[in-house]
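Asks: Got a structure here, written out as structure tokens. Questions coming.
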Amino acid sequence: MAKKNLSDMSSEELYELARQREEQETAEEREAARAKVEELRDQRREMLARHRKEIAALEAEIRAYGGRTGGRGKRRGGAASVTDQVLDIVNQAKKISTKDIKGQLEERGIVANNLAQTLAYLKKQGKVTSPARSIYSPA
């Protein structure tokens, strides 16, 4: 397409030219944002890798002095999670109230401040049902 002088263009042509320019600028901004996000993700990956190495070195030093380390969320000695304990209690009782579940958890030495969320999770997973308010039974 031959270039026209702006003064020779109609209003529709000027509008179309402005719209095309706006679309081009928007596309360039999106591409710049994508590139920045990818750069930040790379920085994050490098930082996490460096962080993990530093933690591993500190944990090795702690173990060298006979100390214990956190273990990064791994369970020790087959200890079951609160969710597993709640499911076990419900399966044993066949029909139990939340008050009784909390009591049995306390007997087992488990603090369940989020019992309602745990029961909601188990219900959503289809592992327990609630035939009445605050009453649960195995699914």
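Residue names in the structure tokens use chain letters A, B, ... in the order shown, residue numbers from 1 in each chain, and ligand numbers from 1 in the order shown.
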Residues of range 16-89 of chain A within 12 Å of range 103-112 of chain A: nearest atom pair and distance (Å, one decimal) for each, counting only C-alpha atoms, sorted by chain and number, as JSON lines?
Replies:
{"residue": "A:Ala79", "atom": "CA", "partner": "A:Ile110", "partner_atom": "CA", "distance": 11.0}
{"residue": "A:Ala80", "atom": "CA", "partner": "A:Ile110", "partner_atom": "CA", "distance": 10.3}
{"residue": "A:Ser81", "atom": "CA", "partner": "A:Ile110", "partner_atom": "CA", "distance": 9.4}
{"residue": "A:Val82", "atom": "CA", "partner": "A:Ala112", "partner_atom": "CA", "distance": 7.0}
{"residue": "A:Thr83", "atom": "CA", "partner": "A:Ala112", "partner_atom": "CA", "distance": 9.4}
{"residue": "A:Asp84", "atom": "CA", "partner": "A:Leu105", "partner_atom": "CA", "distance": 11.1}
{"residue": "A:Gln85", "atom": "CA", "partner": "A:Leu105", "partner_atom": "CA", "distance": 7.5}
{"residue": "A:Val86", "atom": "CA", "partner": "A:Leu105", "partner_atom": "CA", "distance": 7.5}
{"residue": "A:Leu87", "atom": "CA", "partner": "A:Leu105", "partner_atom": "CA", "distance": 11.0}
{"residue": "A:Asp88", "atom": "CA", "partner": "A:Leu105", "partner_atom": "CA", "distance": 10.4}
{"residue": "A:Ile89", "atom": "CA", "partner": "A:Gln104", "partner_atom": "CA", "distance": 7.5}
Asks: So which bits of chain A end up strand (DSSP E or B) when you DSSP the backbone, as a short mmCIF file (atom, residue, chain, number, x, y, z; two decimals) with N, CA and C atoms, in the first residue's frame?
Replies:
data_model
loop_
_atom_site.label_atom_id
_atom_site.label_comp_id
_atom_site.auth_asym_id
_atom_site.auth_seq_id
_atom_site.Cartn_x
_atom_site.Cartn_y
_atom_site.Cartn_z
N ILE A 96 -20.82 -40.19 64.26
CA ILE A 96 -20.20 -39.48 65.38
C ILE A 96 -20.37 -37.97 65.20
N SER A 97 -20.45 -37.27 66.32
CA SER A 97 -20.59 -35.81 66.27
C SER A 97 -19.21 -35.15 66.26
N VAL A 128 -16.40 -39.02 53.75
CA VAL A 128 -17.39 -39.02 54.82
C VAL A 128 -18.66 -38.34 54.31
N THR A 129 -19.76 -38.62 54.98
CA THR A 129 -21.02 -37.96 54.67
C THR A 129 -21.55 -37.33 55.95
N SER A 130 -22.48 -36.41 55.80
CA SER A 130 -23.06 -35.75 56.95
C SER A 130 -24.58 -35.91 56.89
N PRO A 131 -25.11 -36.94 57.58
CA PRO A 131 -26.56 -37.17 57.54
C PRO A 131 -27.36 -36.11 58.30
N ALA A 132 -26.70 -35.45 59.26
CA ALA A 132 -27.36 -34.37 60.03
C ALA A 132 -26.30 -33.34 60.38
N ILE A 135 -23.00 -34.10 62.46
CA ILE A 135 -22.91 -35.57 62.57
C ILE A 135 -22.25 -36.08 61.30
N TYR A 136 -21.28 -36.97 61.47
CA TYR A 136 -20.56 -37.51 60.32
C TYR A 136 -20.52 -39.02 60.37
N SER A 137 -20.51 -39.63 59.20
CA SER A 137 -20.40 -41.08 59.09
C SER A 137 -19.55 -41.40 57.86
N PRO A 138 -18.97 -42.59 57.83
CA PRO A 138 -18.12 -42.94 56.66
C PRO A 138 -18.97 -43.02 55.40
#
Asks: If you measure from CA of Ala120 in chain A to CA of Lys102 in chain A, what distance in Å do you get, rounded to one decimal?
Replies: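 Spanning CA of Ala120 in chain A to CA of Lys102 in chain A is a straight-line distance of 14.6 Å.
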Asks: I need the residues in range 7-135 of chain A that are alpha helix (DSSP H) according to DSSP; give them as a VMD selection string.
Replies: chain A and resid 11 to 64 82 to 93 98 to 107 115 to 124
Asks: Take CA of Ser134 in chain A and CA of Leu119 in chain A and report the distance between them in Å, one decimal.
Replies: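 Answer for the CA of Ser134 in chain A to CA of Leu119 in chain A separation: 9.7 Å.
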Asks: What gap, in Å, lies between CA of Ala57 in chain A and CA of Thr69 in chain A?
Replies: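 Separating CA of Ala57 in chain A from CA of Thr69 in chain A is a distance of 11.4 Å.
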Asks: Using only C-alpha atoms, which residues of range 46-123 of chain A come within 10 Å of range 32-42 of chain A, and what is the closest atom pair for each, with the distance in Å to one decimal? Give it as JSON lines, sorted by chain and residue number.
Replies:
{"residue": "A:Glu46", "atom": "CA", "partner": "A:Asp42", "partner_atom": "CA", "distance": 6.2}
{"residue": "A:Met47", "atom": "CA", "partner": "A:Asp42", "partner_atom": "CA", "distance": 8.5}
{"residue": "A:Leu48", "atom": "CA", "partner": "A:Asp42", "partner_atom": "CA", "distance": 9.9}
